[in-house]
Each structure stands twice: as structure tokens, then as C-alpha cells.
file protein04.csv (CSV, C-alpha atoms)
chain,number,residue,atom,x,y,z
A,5,MET,CA,0.0,0.0,0.0
A,6,THR,CA,1.2,3.5,-0.8
A,7,LYS,CA,1.3,6.3,1.6
A,8,PRO,CA,-1.5,8.8,0.8
A,9,THR,CA,-0.4,12.2,-0.5
A,10,PRO,CA,-1.9,15.5,0.7
A,11,ARG,CA,-4.9,16.7,-1.1
A,12,GLY,CA,-4.0,18.7,-4.2
A,13,SER,CA,-0.3,17.9,-4.1
A,14,GLY,CA,-0.7,14.8,-6.3
A,15,ALA,CA,-2.0,16.8,-9.1
A,16,ARG,CA,1.1,19.0,-9.0
A,17,ASN,CA,3.6,16.2,-8.6
A,18,ARG,CA,2.2,13.5,-10.9
A,19,PRO,CA,3.8,13.5,-14.4
A,20,THR,CA,1.5,14.3,-17.3
A,21,GLY,CA,0.1,11.2,-19.0
A,22,SER,CA,0.7,8.9,-16.1
A,23,GLY,CA,-1.9,6.4,-17.3
A,24,SER,CA,-5.4,5.6,-16.5
A,25,GLY,CA,-6.8,3.6,-13.6
A,26,PRO,CA,-7.1,4.3,-10.0
A,27,GLY,CA,-4.1,6.7,-10.1
A,28,SER,CA,-5.6,8.7,-12.9
A,29,GLY,CA,-9.0,8.7,-11.3
A,30,THR,CA,-7.5,10.1,-8.1
A,31,GLY,CA,-5.7,12.7,-10.2
A,32,GLY,CA,-8.9,13.8,-11.8
A,33,GLY,CA,-10.6,13.9,-8.4
A,34,THR,CA,-7.8,15.9,-7.0
A,35,GLY,CA,-8.0,18.4,-9.9
A,36,THR,CA,-11.6,18.8,-9.3
A,37,GLY,CA,-11.1,19.2,-5.6
A,38,GLY,CA,-8.4,21.8,-6.3
A,39,GLY,CA,-10.9,23.8,-8.5
A,40,GLY,CA,-13.5,23.5,-5.8
A,41,GLU,CA,-11.0,24.7,-3.2
A,42,GLY,CA,-10.2,27.8,-5.4
A,43,THR,CA,-13.9,28.6,-5.7
A,44,ALA,CA,-14.4,28.2,-2.0
A,45,GLU,CA,-11.5,30.6,-1.4
A,46,GLU,CA,-13.0,33.2,-3.8
A,47,SER,CA,-16.4,32.9,-2.1
A,48,ALA,CA,-14.8,33.3,1.4
A,49,HIS,CA,-12.9,36.3,0.1
A,50,GLU,CA,-16.1,37.9,-1.3
A,51,SER,CA,-18.0,37.1,1.9
A,52,ARG,CA,-15.5,39.1,3.9
A,53,HIS,CA,-16.5,42.3,2.0
A,54,LEU,CA,-19.4,44.2,3.6
A,55,ASN,CA,-22.2,45.2,1.4
A,56,SER,CA,-25.2,47.5,1.9
A,57,PRO,CA,-27.8,44.9,3.0
A,58,LEU,CA,-25.3,43.3,5.4
A,59,LEU,CA,-24.5,46.8,6.9
A,60,LEU,CA,-28.2,47.5,7.3
A,61,VAL,CA,-28.7,44.2,9.1
A,62,LEU,CA,-25.8,44.8,11.4
A,63,PHE,CA,-27.1,48.3,12.1
A,64,LEU,CA,-30.6,47.0,13.0
A,65,LEU,CA,-29.2,44.3,15.2
A,66,SER,CA,-27.0,46.8,17.0
A,67,ALA,CA,-30.0,49.1,17.5
A,68,VAL,CA,-32.1,46.2,18.9
A,69,MET,CA,-29.2,45.0,21.2
A,70,PHE,CA,-28.5,48.6,22.5
A,71,GLN,CA,-32.0,49.9,22.4
A,72,ASP,CA,-32.2,51.0,26.1
A,73,PRO,CA,-29.0,53.2,26.0
A,74,ILE,CA,-30.1,54.6,22.6
A,75,ARG,CA,-33.5,55.4,24.0
A,76,ARG,CA,-32.0,57.2,26.9
A,77,ALA,CA,-29.6,59.1,24.7
A,78,LEU,CA,-32.3,60.2,22.3
A,79,GLY,CA,-34.5,61.3,25.3
A,80,ALA,CA,-31.9,63.8,26.4
A,81,PRO,CA,-33.0,67.5,25.8
A,82,VAL,CA,-29.9,68.2,23.6
A,83,MET,CA,-30.7,65.2,21.4
A,84,GLN,CA,-34.4,66.2,21.1
A,85,ASN,CA,-33.3,69.7,20.1
A,86,TRP,CA,-30.9,68.3,17.6
A,87,THR,CA,-33.5,66.0,16.1
A,88,THR,CA,-36.0,68.8,15.9
A,89,VAL,CA,-33.6,71.1,14.0
A,90,PHE,CA,-32.4,68.4,11.7
A,91,VAL,CA,-36.0,67.3,10.7
A,92,ALA,CA,-37.1,70.9,10.4
A,93,VAL,CA,-34.2,71.8,8.0
A,94,MET,CA,-34.8,68.7,5.9
A,95,ILE,CA,-38.6,69.2,5.7
A,96,GLN,CA,-38.1,72.8,4.7
A,97,ALA,CA,-35.4,72.2,2.2
A,98,LEU,CA,-36.3,68.9,0.6
A,99,PRO,CA,-39.4,70.0,-1.4
A,100,PHE,CA,-37.4,72.9,-2.9
A,101,LEU,CA,-34.5,70.7,-3.6
A,102,VAL,CA,-36.8,68.4,-5.6
A,103,LEU,CA,-38.2,71.5,-7.3
A,104,GLY,CA,-34.7,72.6,-8.2
A,105,VAL,CA,-33.8,69.1,-9.5
A,106,LEU,CA,-36.9,69.0,-11.7
A,107,LEU,CA,-36.1,72.4,-13.1
A,108,SER,CA,-32.5,71.4,-13.6
A,109,ALA,CA,-33.5,68.3,-15.4
A,110,ALA,CA,-35.9,70.2,-17.6
A,111,ILE,CA,-33.3,72.7,-18.5
A,112,ALA,CA,-30.7,70.0,-19.3
A,113,VAL,CA,-33.1,67.9,-21.4
A,114,PHE,CA,-35.7,70.1,-23.0
A,115,VAL,CA,-34.1,73.6,-23.3
A,116,PRO,CA,-31.7,73.9,-26.3
A,117,PRO,CA,-28.4,75.6,-25.6
A,118,SER,CA,-29.2,78.2,-28.2
A,119,PHE,CA,-32.0,79.5,-25.9
A,120,PHE,CA,-29.5,80.9,-23.4
A,121,ALA,CA,-27.4,82.4,-26.1
A,122,ARG,CA,-30.5,84.4,-27.2
A,123,ALA,CA,-31.9,85.2,-23.8
A,124,LEU,CA,-28.7,86.5,-22.2
A,125,PRO,CA,-26.6,89.4,-23.5
A,126,LYS,CA,-23.4,88.5,-25.2
A,127,ARG,CA,-21.2,90.5,-22.9
A,128,PRO,CA,-20.8,88.7,-19.5
A,129,SER,CA,-20.9,92.0,-17.7
A,130,LEU,CA,-24.4,92.6,-19.0
A,131,ALA,CA,-25.5,89.0,-18.6
A,132,VAL,CA,-24.8,89.2,-14.8
A,133,PRO,CA,-27.5,91.7,-13.9
A,134,VAL,CA,-30.0,90.0,-16.3
A,135,ALA,CA,-29.4,86.6,-14.7
A,136,GLY,CA,-29.6,88.2,-11.3
A,137,ALA,CA,-33.0,89.8,-12.1
A,138,ALA,CA,-34.2,86.5,-13.6
A,139,GLY,CA,-33.8,84.9,-10.1
A,140,ALA,CA,-37.0,86.8,-9.2
A,141,VAL,CA,-39.2,84.4,-11.2
A,142,LEU,CA,-38.0,81.1,-9.5
A,143,PRO,CA,-40.3,80.2,-6.5
A,144,GLY,CA,-37.7,78.3,-4.6
A,145,CYS,CA,-35.0,78.5,-2.0
A,146,GLU,CA,-31.2,78.0,-2.1
A,147,CYS,CA,-31.7,74.3,-2.3
A,148,ALA,CA,-33.4,74.8,-5.7
A,149,SER,CA,-31.0,77.4,-7.1
A,150,VAL,CA,-27.9,75.2,-6.8
A,151,PRO,CA,-28.9,72.4,-9.2
A,152,VAL,CA,-30.4,75.0,-11.6
A,153,ALA,CA,-27.2,77.0,-11.6
A,154,GLY,CA,-25.3,73.8,-12.3
A,155,ALA,CA,-27.5,73.1,-15.2
A,156,LEU,CA,-27.0,76.6,-16.6
A,157,VAL,CA,-23.2,76.1,-16.4
A,158,ARG,CA,-23.6,72.8,-18.2
A,159,ARG,CA,-25.6,74.6,-20.9
A,160,GLY,CA,-22.8,77.0,-21.6
A,161,VAL,CA,-24.0,80.0,-19.6
A,162,ALA,CA,-21.1,82.2,-18.4
A,163,PRO,CA,-20.3,81.1,-14.8
A,164,ALA,CA,-20.5,84.7,-13.6
A,165,ALA,CA,-24.1,84.9,-14.8
A,166,ALA,CA,-25.0,81.5,-13.4
A,167,LEU,CA,-23.6,82.5,-10.0
A,168,ALA,CA,-25.5,85.7,-9.9
A,169,PHE,CA,-28.7,83.7,-10.5
A,170,LEU,CA,-27.7,81.2,-7.8
A,171,LEU,CA,-27.4,84.0,-5.2
A,172,SER,CA,-30.4,86.1,-6.2
A,173,ALA,CA,-33.1,83.4,-6.8
A,174,PRO,CA,-33.5,82.4,-3.2
A,175,ALA,CA,-33.7,85.9,-1.9
A,176,ILE,CA,-35.8,88.0,-4.3
A,177,ASN,CA,-38.4,85.6,-5.6
A,178,PRO,CA,-42.0,86.5,-5.1
A,179,ILE,CA,-42.7,83.9,-2.4
A,180,VAL,CA,-39.7,85.1,-0.2
A,181,LEU,CA,-40.7,88.8,-0.6
A,182,THR,CA,-44.3,88.1,0.2
A,183,ALA,CA,-43.2,86.1,3.3
A,184,THR,CA,-41.0,89.0,4.4
A,185,ALA,CA,-43.9,91.5,4.0
A,186,VAL,CA,-46.1,89.2,6.2
A,187,ALA,CA,-43.4,88.8,8.8
A,188,PHE,CA,-42.7,92.6,9.0
A,189,PRO,CA,-46.2,94.2,8.7
A,190,ASN,CA,-45.0,97.3,10.6
A,191,ASP,CA,-41.8,97.7,8.6
A,192,PRO,CA,-42.7,97.7,4.9
A,193,MET,CA,-39.2,99.0,4.0
A,194,MET,CA,-37.7,95.7,5.0
A,195,VAL,CA,-39.1,94.1,1.8
A,196,LEU,CA,-37.4,96.8,-0.4
A,197,ALA,CA,-34.2,96.6,1.6
A,198,ARG,CA,-34.0,92.9,1.3
A,199,PHE,CA,-34.7,93.0,-2.5
A,200,VAL,CA,-32.1,95.8,-3.1
A,201,ALA,CA,-29.3,94.3,-0.9
A,202,SER,CA,-29.7,90.8,-2.2
A,203,LEU,CA,-29.8,91.7,-5.9
A,204,LEU,CA,-26.8,94.0,-5.4
A,205,VAL,CA,-24.8,91.3,-3.7
A,206,ALA,CA,-25.6,88.8,-6.4
A,207,CYS,CA,-24.5,91.2,-9.2
A,208,LEU,CA,-21.4,92.2,-7.4
A,209,MET,CA,-20.4,88.6,-6.8
A,210,GLY,CA,-21.0,87.8,-10.5
A,211,TRP,CA,-18.8,90.7,-11.6
A,212,LEU,CA,-16.2,89.8,-9.0
A,213,TRP,CA,-16.1,86.3,-10.4
A,214,GLN,CA,-15.9,87.5,-14.0
A,215,ARG,CA,-12.9,89.7,-13.1
A,216,HIS,CA,-11.0,87.6,-10.7
A,217,GLY,CA,-12.4,84.0,-11.0
A,218,ARG,CA,-10.3,81.3,-12.6
A,219,ALA,CA,-11.5,78.4,-14.7
A,220,ASP,CA,-9.6,75.8,-12.6
A,221,TRP,CA,-11.4,77.0,-9.4
A,222,LEU,CA,-14.7,75.9,-10.8
A,223,ARG,CA,-15.3,72.2,-11.4
A,224,PRO,CA,-17.9,71.8,-14.1
A,225,PRO,CA,-20.9,69.9,-12.8
A,226,SER,CA,-20.7,66.4,-14.0
A,227,ARG,CA,-23.7,64.4,-15.3
A,228,SER,CA,-24.2,60.9,-16.6
A,229,SER,CA,-24.6,60.6,-20.3
A,230,TYR,CA,-28.1,60.0,-21.6
A,231,GLU,CA,-27.3,60.1,-25.3
A,232,GLY,CA,-29.5,57.9,-27.4
A,233,GLN,CA,-32.3,57.8,-24.9
A,234,SER,CA,-35.7,59.3,-25.2
A,235,ARG,CA,-36.3,62.7,-23.6
A,236,GLY,CA,-38.5,61.1,-20.9
A,237,ALA,CA,-35.8,58.6,-20.0
A,238,ALA,CA,-33.1,61.2,-20.0
A,239,PHE,CA,-35.3,63.5,-17.8
A,240,TRP,CA,-35.9,60.9,-15.1
A,241,GLY,CA,-32.3,59.7,-15.2
A,242,SER,CA,-31.2,63.3,-14.6
A,243,VAL,CA,-33.6,63.7,-11.8
A,244,ARG,CA,-32.4,60.5,-10.0
A,245,HIS,CA,-28.8,61.5,-10.5
A,246,ASP,CA,-29.3,65.0,-9.0
A,247,VAL,CA,-31.5,63.9,-6.1
A,248,MET,CA,-29.0,61.3,-5.0
A,249,HIS,CA,-26.0,63.6,-5.5
A,250,ALA,CA,-27.4,66.9,-4.0
A,251,GLY,CA,-29.5,65.1,-1.4
A,252,GLY,CA,-26.5,63.6,0.3
A,253,PHE,CA,-24.8,66.9,0.8
A,254,LEU,CA,-28.1,68.4,2.0
A,255,VAL,CA,-28.2,65.8,4.8
A,256,VAL,CA,-24.6,66.6,5.8
A,257,GLY,CA,-25.4,70.3,6.0
A,258,ALA,CA,-28.6,69.7,8.0
A,259,MET,CA,-26.7,67.5,10.5
A,260,ALA,CA,-24.0,70.2,10.9
A,261,ALA,CA,-26.6,72.9,11.4
A,262,ALA,CA,-28.5,70.8,13.9
A,263,THR,CA,-25.3,70.1,15.9
A,264,LEU,CA,-24.3,73.8,16.1
A,265,LYS,CA,-27.9,74.9,17.0
A,266,ALA,CA,-28.1,72.4,19.8
A,267,VAL,CA,-24.9,73.6,21.5
A,268,VAL,CA,-25.2,77.4,21.2
A,269,PRO,CA,-26.5,78.9,24.5
A,270,ALA,CA,-29.6,81.1,24.0
A,271,ASP,CA,-28.3,83.7,26.6
A,272,TRP,CA,-25.5,84.7,24.2
A,273,LEU,CA,-28.0,86.3,21.8
A,274,GLN,CA,-29.3,88.8,24.4
A,275,LEU,CA,-25.8,89.9,25.3
A,276,ALA,CA,-24.9,90.5,21.7
A,277,ALA,CA,-28.0,92.4,20.8
A,278,ASP,CA,-27.0,95.5,22.8
A,279,HIS,CA,-23.8,96.0,20.7
A,280,PRO,CA,-24.5,97.4,17.2
A,281,VAL,CA,-21.5,95.9,15.4
A,282,LEU,CA,-21.6,92.6,17.4
A,283,SER,CA,-25.3,92.2,16.8
A,284,VAL,CA,-24.8,92.3,13.0
A,285,LEU,CA,-21.9,89.8,13.1
A,286,VAL,CA,-23.9,87.5,15.5
A,287,LEU,CA,-26.9,87.4,13.2
A,288,ALA,CA,-24.8,86.9,10.2
A,289,ALA,CA,-23.1,83.9,11.9
A,290,LEU,CA,-26.5,82.7,13.1
A,291,ALA,CA,-27.9,82.8,9.5
A,292,VAL,CA,-25.0,80.6,8.4
A,293,LEU,CA,-25.3,78.1,11.3
A,294,LEU,CA,-29.1,77.7,11.4
A,295,SER,CA,-29.4,77.1,7.6
A,296,ILE,CA,-33.1,78.1,7.5
A,297,CYS,CA,-34.9,77.9,4.2
A,298,SER,CA,-35.4,81.4,2.7
A,299,GLU,CA,-39.2,80.9,2.6
A,300,ALA,CA,-39.2,80.7,6.4
A,301,ASP,CA,-36.3,82.9,7.6
A,302,ALA,CA,-38.3,86.1,7.6
A,303,PHE,CA,-40.4,84.8,10.5
A,304,VAL,CA,-37.4,83.8,12.4
A,305,ALA,CA,-35.8,87.2,11.9
A,306,ALA,CA,-39.1,88.9,12.9
A,307,SER,CA,-39.0,87.0,16.2
A,308,LEU,CA,-35.5,88.4,17.1
A,309,THR,CA,-37.0,91.6,18.3
A,310,GLN,CA,-34.1,92.4,20.6
A,311,PHE,CA,-31.9,93.0,17.5
A,312,SER,CA,-32.0,96.1,15.3
A,313,LEU,CA,-33.6,96.1,11.8
A,314,THR,CA,-30.2,96.4,10.2
A,315,ALA,CA,-28.9,93.3,12.0
A,316,ARG,CA,-32.1,91.4,11.0
A,317,LEU,CA,-31.7,92.5,7.4
A,318,THR,CA,-28.2,91.0,7.5
A,319,PHE,CA,-29.7,87.8,8.7
A,320,LEU,CA,-32.1,87.8,5.8
A,321,VAL,CA,-29.5,88.6,3.1
A,322,VAL,CA,-26.7,86.3,4.4
A,323,GLY,CA,-28.9,83.2,5.0
A,324,PRO,CA,-30.1,82.5,1.4
A,325,MET,CA,-26.6,83.1,0.0
A,326,ILE,CA,-24.3,81.1,2.4
A,327,ASP,CA,-25.3,78.7,5.1
A,328,LEU,CA,-24.0,75.2,6.0
A,329,LYS,CA,-26.3,73.2,3.8
A,330,LEU,CA,-25.8,75.6,0.9
A,331,PHE,CA,-22.0,75.4,1.3
A,332,ALA,CA,-22.2,71.6,1.3
A,333,MET,CA,-24.3,71.6,-1.8
A,334,GLN,CA,-21.9,74.0,-3.6
A,335,VAL,CA,-19.0,71.6,-2.7
A,336,GLY,CA,-20.9,68.7,-4.2
A,337,THR,CA,-21.9,70.7,-7.4
A,338,PHE,CA,-19.0,72.9,-8.2
A,339,GLY,CA,-16.1,71.5,-6.1
A,340,ARG,CA,-14.4,72.2,-2.8
A,341,GLY,CA,-11.9,74.7,-4.3
A,342,PHE,CA,-14.8,76.8,-5.6
A,343,ALA,CA,-16.8,76.8,-2.4
A,344,LEU,CA,-13.8,77.6,-0.2
A,345,ARG,CA,-13.3,80.8,-2.2
A,346,PHE,CA,-16.8,81.8,-3.2
A,347,ALA,CA,-18.5,81.3,0.2
A,348,PRO,CA,-16.2,83.6,2.3
A,349,ALA,CA,-16.3,86.3,-0.3
A,350,THR,CA,-20.1,86.1,-0.5
A,351,LEU,CA,-20.3,86.3,3.3
A,352,VAL,CA,-18.1,89.4,3.6
A,353,LEU,CA,-19.9,91.2,0.8
A,354,ALA,CA,-23.3,90.3,2.0
A,355,VAL,CA,-22.6,91.7,5.5
A,356,ALA,CA,-21.1,94.9,4.1
A,357,VAL,CA,-24.0,95.6,1.6
A,358,SER,CA,-26.6,94.7,4.2
A,359,VAL,CA,-25.2,97.3,6.7
A,360,LEU,CA,-25.0,100.0,4.0
A,361,THR,CA,-28.5,99.2,2.8
A,362,GLY,CA,-29.9,99.2,6.3
A,363,VAL,CA,-28.3,102.6,7.1
A,364,VAL,CA,-29.9,104.1,3.9
A,365,LEU,CA,-33.3,102.5,3.9
A,366,LEU,CA,-34.0,101.5,7.5
call {"tool": "encode", "arguments": {"input": "protein04.csv", "output": "C-alpha cells"}}
result
Amino acid sequence: MTKPTPRGSGARNRPTGSGSGPGSGTGGGTGTGGGGEGTAEESAHESRHLNSPLLLVLFLLSAVMFQDPIRRALGAPVMQNWTTVFVAVMIQALPFLVLGVLLSAAIAVFVPPSFFARALPKRPSLAVPVAGAAGAVLPGCECASVPVAGALVRRGVAPAAALAFLLSAPAINPIVLTATAVAFPNDPMMVLARFVASLLVACLMGWLWQRHGRADWLRPPSRSSYEGQSRGAAFWGSVRHDVMHAGGFLVVGAMAAATLKAVVPADWLQLAADHPVLSVLVLAALAVLLSICSEADAFVAASLTQFSLTARLTFLVVGPMIDLKLFAMQVGTFGRGFALRFAPATLVLAVAVSVLTGVVLL
């Protein structure tokens, strides 16, 4: 009797054409076994990779196992405040994000590029105020303006004009101005001040980008190719792409806004309201941190009665142009390099113009 060889080794050591019979049969079986072993190794290697369903199952199991500590943590006042702000930001922003995505897809699929060449002046310096004024017809907030501005850039519109539209649309559209009039019934000049200051900031930022902006700072918004598909299929494919892309950044921005809102003490606001310069800076920072939708921010500003009208105007001008969720969406649409340059410049200019407009009109 021969000493048995380890499994798989015979196939490597046996000479080719060693004859038929039991030895050959063993070799064939070994070869098959070696193939099965390779398949098993590949399956084991694949099984070690976590996929989405497995992660979801692990998350649900962890939630069930640690439900008591999780329930106690969620019951804390800070977490309840965090959850309230997060849900409020999402509920306010999501419908207008969907509206913006639908408009963006409609522009990308149904509007020919030649339309923008005819609608906007040839000179970018003139196209900026025209695009800024066109923002008055879009009934949406900043969540809607970002994907629409991205579609305009994809359609060949000058970036300076598209950026002017991005800043003006959330602040001077009819819904926002009507809400401002309702929120400030005793201060009708607040509506005019908001319109003038917001449009002026949008045009100035457009001209500033035209003069000093660089092409490598602005990453052109990418989109999947829908060539060869029907217009309906291309439209819904574009909608799905933008909802998944912009929606993720909206969630990140809403989480950051909720975290900051939950940890800022309320007594600080009263202390800052007594100082004219500090009150403007505090409300500008608050507008960035709270990330309130432009359709609702007038009512929040009206409730801050301890602050001056100029400080509250700053809140109304800054919020629709630069806040946490808007910054996150700009990063996702135009790139981090663009957002890191555009957002601070917008903030400084919005504060300066708001103060000057408040001094003149309020």
C-alpha cells in the first residue's frame, strides 16, 4: 500500500500522461477538488466584504441590542433639540431641492443651448444683472437654485451669470418677498431693503467672479450621459442623479446645522443684541449656522425683536446666500476649491452691503 499524499499535491507532482486507472482517477478527483478549493477561497474572500444589505442588518441588530442606551440618549434634551432642528431643516429644504432638481433636469433635457445664447446678452458684464434679475421668477430657496445654476453652467452660460442667478433666486423671488412682507407688517421698507441688498450682492459677486475668477477653481458639474435615450428617460435619469447627489450633501449640511444649533446657548443672543456691530456679526453667523430655508427665515428674523432692523436685514441677506447646507451643496456641485473661495467672499460682501442698505433704507 502506498502512503496517501496530501490533497491537491498529487495533481502538481504527478507526471503528465501517467496512465489511467485508480491513479488517474485520483488525479482527476484531485484536480476537481483543487478547483473547488479555489472557488471556496474566492467565495470566502467575497464574503468578507461588507455590502449595503449586510451593513443594514448589522445596524438594525445593534439598534435592537442597545435599544435601552439609545432610547435614553435620544430622550436627552440636547438630542431632542438636535432632532427637531435636523428634521425641520430637511422638511423645509427637501421640497425645494426636488423642485430645483426638476427644473435642472428640464433645463438640461428640454431647453436647447441656443436659448440661453439668445436670452442673455453676449457680454458677461451685462449678462450678470440680467441673470440676477431672472432669479425673481423662481419660486424656490437656495436648495433649488444650486442644481439649476449647475444646469446653466452645463448649458454653456457664463459662470458669472449663473452664480449671480444662484445668489439672487433664493432671496428675491415673489414667495420670499411676500413672506417678508407678512413677517414685518409694521416695517414695509424691510421688503425693499431685502430686495435691493440681495440683488446688489448677487450682481457684485457675479462681476467679481468675472474679473478675478479662474476656470480651474470651478469644477464643471458632471452628469451621466443620456445620449441615445428618449427625452422622458433622460429627464428621469437626470432627476435621479441630482436627487442622490445633492440630497447627500443636504443631509450633511442639515446635520451640521442641527449640531451647532443644539450647543449654542440662548443667553448669548441677548448679550450680543446690545452692541450694534456685534449684533450684525452674530446674526450673520446665526444665519450661516441655522441654515433656515429662505421661505421661512423672515419669520425667524421677525421674532428676534431684541436686534436692530439692520442686524435682522443682515440675517435675511446672508442666510439664502451662504449657510451650512448651501456650502455643502456647492461643494458637491462645483467642487471644494470653488466653495472655499466663493462662500467667504459672499459672506463678507453680504454683510457689508446689508449694513449699508440698512443705514440708507431702514
call {"tool": "residues_around", "arguments": {"input": "protein04.csv", "residues": "Trp240 in chain A", "least_positions_apart": "4", "cutoff": "9 Å", "atoms": "all atoms listed in the file", "output": "mmCIF file with C-alpha atoms, in the frame of the given file"}}
result
data_model
loop_
_atom_site.group_PDB
_atom_site.id
_atom_site.type_symbol
_atom_site.label_atom_id
_atom_site.label_comp_id
_atom_site.auth_asym_id
_atom_site.auth_seq_id
_atom_site.Cartn_x
_atom_site.Cartn_y
_atom_site.Cartn_z
ATOM 1 C CA LEU A 106 -36.900 69.000 -11.700
ATOM 2 C CA ALA A 109 -33.500 68.300 -15.400
ATOM 3 C CA ARG A 235 -36.300 62.700 -23.600
ATOM 4 C CA GLY A 236 -38.500 61.100 -20.900
ATOM 5 C CA ARG A 244 -32.400 60.500 -10.000
ATOM 6 C CA HIS A 245 -28.800 61.500 -10.500
#
call {"tool": "closest_residue", "arguments": {"input": "protein04.csv", "among": "A:Val359, A:Val243, A:Val292, A:Leu222", "to": "Leu313 in chain A", "atoms": "all atoms listed in the file"}}
result
A:Val359
call {"tool": "residues_around", "arguments": {"input": "protein04.csv", "residues": "Ala266 in chain A", "least_positions_apart": "2", "cutoff": "12 Å", "atoms": "all atoms listed in the file", "output": "list in words"}}
result
Ala80, Pro81, Val82, Met83, Gln84, Asn85, Trp86, Thr87, Thr88, Val89, Phe90, Met259, Ala260, Ala261, Ala262, Thr263, Leu264, Val268, Pro269, Ala270, Leu293 and Leu294 of chain A
call {"tool": "atom_distance", "arguments": {"input": "protein04.csv", "atom1": "CA of Phe239 in chain A", "atom2": "CA of Val180 in chain A"}}
result
28.2 Å
call {"tool": "closest_residue", "arguments": {"input": "protein04.csv", "among": "A:Ala306, A:Ala219, A:Val102, A:Ala288", "to": "Gly339 in chain A", "atoms": "all atoms listed in the file"}}
result
A:Ala219
call {"tool": "atom_distance", "arguments": {"input": "protein04.csv", "atom1": "CA of Gly252 in chain A", "atom2": "CA of Gln334 in chain A"}}
result
12.0 Å
call {"tool": "atom_distance", "arguments": {"input": "protein04.csv", "atom1": "CA of Leu203 in chain A", "atom2": "CA of Val322 in chain A"}}
result
12.0 Å
call {"tool": "closest_residue", "arguments": {"input": "protein04.csv", "among": "A:Leu98, A:Met193, A:Cys207, A:Ile326", "to": "Arg345 in chain A", "atoms": "all atoms listed in the file"}}
result
A:Ile326
call {"tool": "residues_around", "arguments": {"input": "protein04.csv", "residues": "Pro348 in chain A", "least_positions_apart": "6", "cutoff": "12 Å", "atoms": "only C-alpha atoms", "output": "PyMOL selection string"}}
result
chain A and resi 209+289+292+322+325-327+331+341-342+354-355
